[in-house]
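The file input_27.tsv contains TSV, C-alpha atoms:
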chain	number	residue	atom	x	y	z
C	1	MET	CA	-30.54	10.22	-13.43
C	2	LYS	CA	-28.81	7.57	-15.54
C	3	TYR	CA	-25.74	9.79	-15.95
C	4	LEU	CA	-25.64	10.58	-12.27
C	5	ILE	CA	-25.57	6.88	-11.37
C	6	ILE	CA	-22.82	6.22	-13.92
C	7	PHE	CA	-20.81	9.17	-12.60
C	8	LEU	CA	-21.13	8.01	-8.99
C	9	PHE	CA	-20.23	4.45	-9.92
C	10	LEU	CA	-17.12	5.53	-11.82
C	11	SER	CA	-16.01	8.02	-9.19
C	12	PHE	CA	-16.06	5.26	-6.56
C	13	PHE	CA	-13.73	3.07	-8.62
C	14	ILE	CA	-11.05	5.61	-9.32
C	15	SER	CA	-8.18	6.47	-7.09
C	16	CYS	CA	-7.78	9.47	-4.85
C	17	GLY	CA	-5.58	12.37	-5.79
C	18	LYS	CA	-4.76	15.63	-4.13
C	19	ASP	CA	-4.17	18.84	-6.05
C	20	GLU	CA	-1.18	20.08	-4.15
C	21	PRO	CA	2.08	21.75	-5.05
C	22	GLU	CA	5.06	19.58	-5.89
C	23	ASP	CA	5.66	16.69	-3.51
C	24	LYS	CA	7.83	17.78	-0.59
C	25	ASN	CA	9.77	14.52	-0.97
C	26	ALA	CA	10.34	14.77	-4.73
C	27	SER	CA	14.05	15.05	-4.05
C	28	LEU	CA	13.95	11.41	-2.94
C	29	ALA	CA	13.61	10.17	-6.54
C	30	ILE	CA	15.77	7.12	-7.12
C	31	SER	CA	17.84	6.68	-10.25
C	32	ALA	CA	18.47	3.27	-11.78
C	33	LYS	CA	22.11	3.31	-10.59
C	34	GLU	CA	21.44	4.61	-7.09
C	35	SER	CA	21.56	2.33	-4.05
C	36	LEU	CA	19.67	3.06	-0.84
C	37	ASP	CA	19.26	1.32	2.50
C	38	PHE	CA	16.49	2.42	4.85
C	39	SER	CA	14.04	1.03	7.41
C	40	LEU	CA	10.30	1.28	7.93
C	41	THR	CA	9.06	1.37	11.52
C	42	PHE	CA	5.61	-0.04	12.24
C	43	ASN	CA	2.84	0.64	14.73
C	44	ASN	CA	3.92	-2.40	16.77
C	45	GLY	CA	7.48	-1.05	17.19
C	46	LYS	CA	9.09	-3.54	14.80
C	47	SER	CA	10.95	-2.45	11.70
C	48	LEU	CA	11.73	-3.70	8.20
C	49	ALA	CA	15.08	-3.08	6.51
C	50	ILE	CA	14.78	-2.31	2.79
C	51	LYS	CA	17.46	-2.08	0.12
C	52	ALA	CA	16.81	-0.38	-3.21
C	53	LYS	CA	19.51	-0.99	-5.81
C	54	GLU	CA	19.48	-0.58	-9.57
C	55	GLY	CA	15.70	-0.24	-9.65
C	56	LEU	CA	15.17	-3.45	-7.62
C	57	LEU	CA	13.85	-3.74	-4.09
C	58	SER	CA	14.90	-6.30	-1.50
C	59	PHE	CA	13.62	-6.81	2.03
C	60	GLU	CA	13.22	-9.60	4.58
C	61	ASN	CA	9.77	-11.08	3.93
C	62	GLU	CA	9.97	-14.29	6.04
C	63	GLN	CA	9.24	-16.26	2.85
C	64	LYS	CA	5.79	-14.63	2.69
C	65	ALA	CA	4.21	-12.77	-0.19
C	66	THR	CA	4.03	-9.08	0.78
C	67	MET	CA	1.57	-6.37	-0.26
C	68	PHE	CA	2.68	-2.76	0.25
C	69	PHE	CA	-0.50	-0.68	0.53
C	70	PHE	CA	0.09	3.06	-0.02
C	71	MET	CA	-2.83	4.98	1.49
C	72	SER	CA	-3.96	8.18	3.23
C	73	SER	CA	-6.39	8.79	6.06
C	74	TRP	CA	-8.53	11.15	3.91
C	75	CYS	CA	-8.82	8.78	0.90
C	76	LYS	CA	-12.25	7.09	0.81
C	77	PRO	CA	-11.19	4.33	-1.67
C	78	CYS	CA	-8.20	3.60	0.59
C	79	LEU	CA	-10.51	3.18	3.58
C	80	ALA	CA	-12.82	0.94	1.53
C	81	GLU	CA	-9.88	-1.33	0.63
C	82	ILE	CA	-9.02	-2.00	4.30
C	83	ALA	CA	-11.74	-4.64	4.76
C	84	HIS	CA	-10.53	-6.55	1.68
C	85	LEU	CA	-6.93	-6.51	2.87
C	86	ASN	CA	-7.94	-7.52	6.41
C	87	ALA	CA	-9.78	-10.53	4.95
C	88	LEU	CA	-6.81	-11.52	2.78
C	89	GLN	CA	-4.36	-11.05	5.68
C	90	GLU	CA	-6.48	-13.39	7.82
C	91	LYS	CA	-7.10	-15.94	5.07
C	92	TYR	CA	-3.42	-16.24	4.05
C	93	LYS	CA	-1.73	-15.32	7.36
C	94	ASP	CA	0.79	-18.15	7.09
C	95	GLY	CA	2.03	-17.04	3.68
C	96	PHE	CA	1.09	-13.37	3.23
C	97	ASN	CA	1.71	-9.97	4.85
C	98	VAL	CA	0.01	-6.65	4.26
C	99	ILE	CA	1.96	-3.50	5.11
C	100	ALA	CA	0.14	-0.15	5.00
C	101	LEU	CA	2.21	2.95	4.28
C	102	MET	CA	0.52	6.17	5.34
C	103	MET	CA	1.19	8.92	2.79
C	104	ASP	CA	-0.41	11.69	4.87
C	105	ASP	CA	1.41	14.98	5.28
C	106	ASP	CA	-0.35	15.53	8.61
C	107	ASN	CA	2.12	14.71	11.38
C	108	ASN	CA	-0.68	15.21	13.90
C	109	LEU	CA	-2.50	12.04	12.82
C	110	ASP	CA	-3.14	9.82	15.85
C	111	LEU	CA	-2.05	6.56	14.22
C	112	ASN	CA	-3.26	4.21	16.95
C	113	ASN	CA	-6.68	5.87	16.98
C	114	PHE	CA	-6.85	5.71	13.16
C	115	ILE	CA	-5.94	1.99	13.19
C	116	GLU	CA	-8.53	1.20	15.86
C	117	LYS	CA	-11.28	3.33	14.28
C	118	ASN	CA	-10.81	1.66	10.87
C	119	GLY	CA	-10.27	-1.89	12.16
C	120	ILE	CA	-6.85	-2.30	10.52
C	121	LYS	CA	-5.41	-5.74	11.30
C	122	PHE	CA	-2.07	-5.44	9.48
C	123	LEU	CA	1.15	-3.51	10.03
C	124	VAL	CA	1.11	0.26	9.45
C	125	SER	CA	4.05	2.60	8.91
C	126	PHE	CA	3.74	6.37	9.27
C	127	SER	CA	7.08	8.06	8.52
C	128	ASP	CA	8.99	9.96	5.85
C	129	MET	CA	10.57	6.65	4.82
C	130	ASN	CA	7.19	5.73	3.27
C	131	PHE	CA	7.82	8.41	0.63
C	132	LEU	CA	11.25	6.92	-0.05
C	133	LEU	CA	9.70	3.48	-0.51
C	134	SER	CA	7.12	4.95	-2.90
C	135	LYS	CA	9.96	6.27	-5.07
C	136	SER	CA	11.73	2.89	-4.82
C	137	VAL	CA	8.73	1.09	-6.33
C	138	GLY	CA	8.56	3.47	-9.29
C	139	GLY	CA	6.51	6.27	-7.76
C	140	LEU	CA	2.80	6.68	-7.20
C	141	SER	CA	0.37	8.18	-9.69
C	142	GLY	CA	-2.48	8.07	-7.16
C	143	ILE	CA	-3.74	6.26	-4.13
C	144	PRO	CA	-4.60	3.68	-3.15
C	145	THR	CA	-1.65	1.98	-4.77
C	146	MET	CA	-0.70	-1.57	-3.87
C	147	VAL	CA	2.50	-3.37	-4.81
C	148	LEU	CA	2.61	-7.15	-4.45
C	149	TYR	CA	5.83	-9.15	-4.05
C	150	LYS	CA	6.05	-12.93	-4.27
C	151	SER	CA	7.16	-15.09	-1.38
C	152	ASP	CA	10.64	-15.29	-2.95
C	153	GLY	CA	10.84	-11.47	-2.74
C	154	SER	CA	10.47	-10.79	-6.47
C	155	PHE	CA	8.08	-8.17	-7.82
C	156	TYR	CA	4.69	-9.54	-8.90
C	157	LYS	CA	2.18	-6.76	-9.63
C	158	LYS	CA	1.28	-3.09	-9.03
C	159	TYR	CA	-2.34	-1.92	-8.63
C	160	LEU	CA	-3.92	1.54	-8.70
C	161	GLY	CA	-7.34	2.28	-7.24
C	162	ILE	CA	-9.84	-0.05	-5.65
C	163	ILE	CA	-9.29	-3.64	-6.72
C	164	PRO	CA	-11.99	-6.28	-6.16
C	165	GLN	CA	-11.11	-8.69	-3.36
C	166	GLU	CA	-11.60	-11.66	-5.67
C	167	MET	CA	-8.94	-10.37	-8.08
C	168	LEU	CA	-6.51	-9.69	-5.24
C	169	ASP	CA	-7.24	-13.14	-3.81
C	170	ILE	CA	-6.23	-14.83	-7.08
C	171	ASP	CA	-3.04	-12.78	-7.34
C	172	VAL	CA	-2.11	-13.40	-3.69
C	173	GLN	CA	-2.52	-17.15	-4.25
C	174	LYS	CA	-0.17	-16.96	-7.24
C	175	ALA	CA	2.35	-14.80	-5.31
C	176	ILE	CA	2.42	-17.25	-2.40
C	177	MET	CA	3.26	-20.24	-4.62
Any chance you could put this one into C-alpha cells?
Amino acid sequence: MKYLIIFLFLSFFISCGKDEPEDKNASLAISAKESLDFSLTFNNGKSLAIKAKEGLLSFENEQKATMFFFMSSWCKPCLAEIAHLNALQEKYKDGFNVIALMMDDDNNLDLNNFIEKNGIKFLVSFSDMNFLLSKSVGGLSGIPTMVLYKSDGSFYKKYLGIIPQEMLDIDVQKAIM
C-alpha cells in the first residue's frame, strides 16, 4: 500500500509524454544562425508576431511578463495546471499574460468547447505555428512545459511538469519587476 501511494504521488507530479513516431514537425528545428518570423493566432482572433533569431525570441509583450504554456487536451497534468494559471492571470492581469499553445495533433478538437469546458481564462493558440514556437524555445521534452519571459521580453525560466502555484507566483513577481 505504501508503494502504491508513493507511485501515485510521483506519477501525478511528472509530465505527460506520448509514445509516438517522430514528431511530424521535426523539420521545423531551428539552428542558432537561422532567423524566422511567424505569427500565432488566438481564440479571440488576435495574433502575436514572433521573431526567432540566433537562438533568441522576440515578440510584442505590451511590457508584460509572458508565460507560454505548452499543453495538450489529453494531458491530465496540463489540465490540472489551468486553475493555477487562471489564478495568476487574474492576480497579475496588469503585468502578466498567459498564452496556451495546444500541441494536439487532432485537428478535430473543438477549441471553443475545450476552453469553456476547462474554464480557461487566458489566450489559446491551436495551429502548426505552436510547433514552430516550441522549437524556437529550445524544444519540448514533455508537457506541460511553461516558458516565462520578463516584462522587458528577456527569457526568465523554463518549467517542465506541474509546478506549484506558489513557486510560479514568486517567479511571476520577479519577471514583472
Please provide as an mmCIF file with C-alpha atoms, in the coordinates of the input all residues within 6 Å of segment 63-66 of chain C, with the sequence filter that same-chain residues fewer than 5 positions apart are discarded (counting only C-alpha atoms).
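Final file, around-v7.cif:
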data_model
loop_
_atom_site.group_PDB
_atom_site.id
_atom_site.type_symbol
_atom_site.label_atom_id
_atom_site.label_comp_id
_atom_site.auth_asym_id
_atom_site.auth_seq_id
_atom_site.Cartn_x
_atom_site.Cartn_y
_atom_site.Cartn_z
ATOM 1 C CA GLY C 95 2.030 -17.040 3.680
ATOM 2 C CA PHE C 96 1.090 -13.370 3.230
ATOM 3 C CA ASN C 97 1.710 -9.970 4.850
ATOM 4 C CA VAL C 98 0.010 -6.650 4.260
ATOM 5 C CA LEU C 148 2.610 -7.150 -4.450
ATOM 6 C CA TYR C 149 5.830 -9.150 -4.050
ATOM 7 C CA LYS C 150 6.050 -12.930 -4.270
ATOM 8 C CA SER C 151 7.160 -15.090 -1.380
ATOM 9 C CA ALA C 175 2.350 -14.800 -5.310
ATOM 10 C CA ILE C 176 2.420 -17.250 -2.400
#
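For the pair atom CA of Leu79 of chain C and atom CA of Leu109 of chain C, the separation is 15.1 Å.
Across the structure, atom CA of Asp104 of chain C and atom CA of Lys157 of chain C are spaced 23.6 Å apart.
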What's the 9 Å shell around Ser134 of chain C, counting only C-alpha atoms, without same-chain residues fewer than 6 positions away, as a PDB file with C-alpha atoms, in the coordinates of the input?
ATOM      1  CA  PHE C  70       0.090   3.060  -0.020  1.00  0.00           C
ATOM      2  CA  LEU C 101       2.210   2.950   4.280  1.00  0.00           C
ATOM      3  CA  LEU C 140       2.800   6.680  -7.200  1.00  0.00           C
TER       4      LEU C 140
END
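If you measure from each of C:Leu168, C:Leu132, C:Ile143, C:Val124 to Phe42 of chain C using only C-alpha atoms, the closest one turns out to be C:Val124.
Proximity ranking of C:Lys121, C:Phe38, C:Met167, C:Lys46 relative to Glu90 of chain C places C:Lys121 first, based on only C-alpha atoms.
The smallest atom-to-atom distance between Val172 of chain C and any of C:Leu111, C:Met103, C:Ala87, C:Leu48, using all atoms listed in the file, is found for C:Ala87.
With all atoms listed in the file as the atoms that count, the residue of C:Met177, C:Leu160, C:Leu57, C:Ala49 with the shortest distance to Lys135 of chain C is C:Leu57.
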For a quick check of your reading of the model, name the residues lying within 8 Å of the coordinate (5.0, -4.2, -1.7), counting only C-alpha atoms, and write them as a compact mmCIF listing (two decimals) with C-alpha atoms, in the coordinates of the input.
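As written to disk, point05.txt reads:
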# COMPACT_ATOMS: atom_id res chain seq x y z
CA THR C 66 4.03 -9.08 0.78
CA MET C 67 1.57 -6.37 -0.26
CA PHE C 68 2.68 -2.76 0.25
CA PHE C 69 -0.50 -0.68 0.53
CA ILE C 99 1.96 -3.50 5.11
CA VAL C 137 8.73 1.09 -6.33
CA MET C 146 -0.70 -1.57 -3.87
CA VAL C 147 2.50 -3.37 -4.81
CA LEU C 148 2.61 -7.15 -4.45
CA TYR C 149 5.83 -9.15 -4.05
CA PHE C 155 8.08 -8.17 -7.82
For atom CA of Gly45 of chain C and atom CA of Asp106 of chain C, quote the distance in Å rounded to one decimal.
-> 20.2 Å
List every protein, DNA or RNA residue that has at least one atom no more than 10 Å from (-3.9, 7.1, 11.7) in the file's coordinates, counting all atoms listed in the file, and write the result as a VMD selection string.
-> chain C and resid 43 72 to 74 102 104 106 to 118 120 124 to 126
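Checking C:Ser35, C:Leu123, C:Glu81, C:Lys93 one by one against Ser47 of chain C, counting only C-alpha atoms, you find the shortest gap at C:Leu123.
Of the residues listed (C:Leu133, C:Cys78, C:Leu36, C:Met71), C:Leu36 shows the shortest atom-to-atom separation from Lys53 of chain C; distances use only C-alpha atoms.
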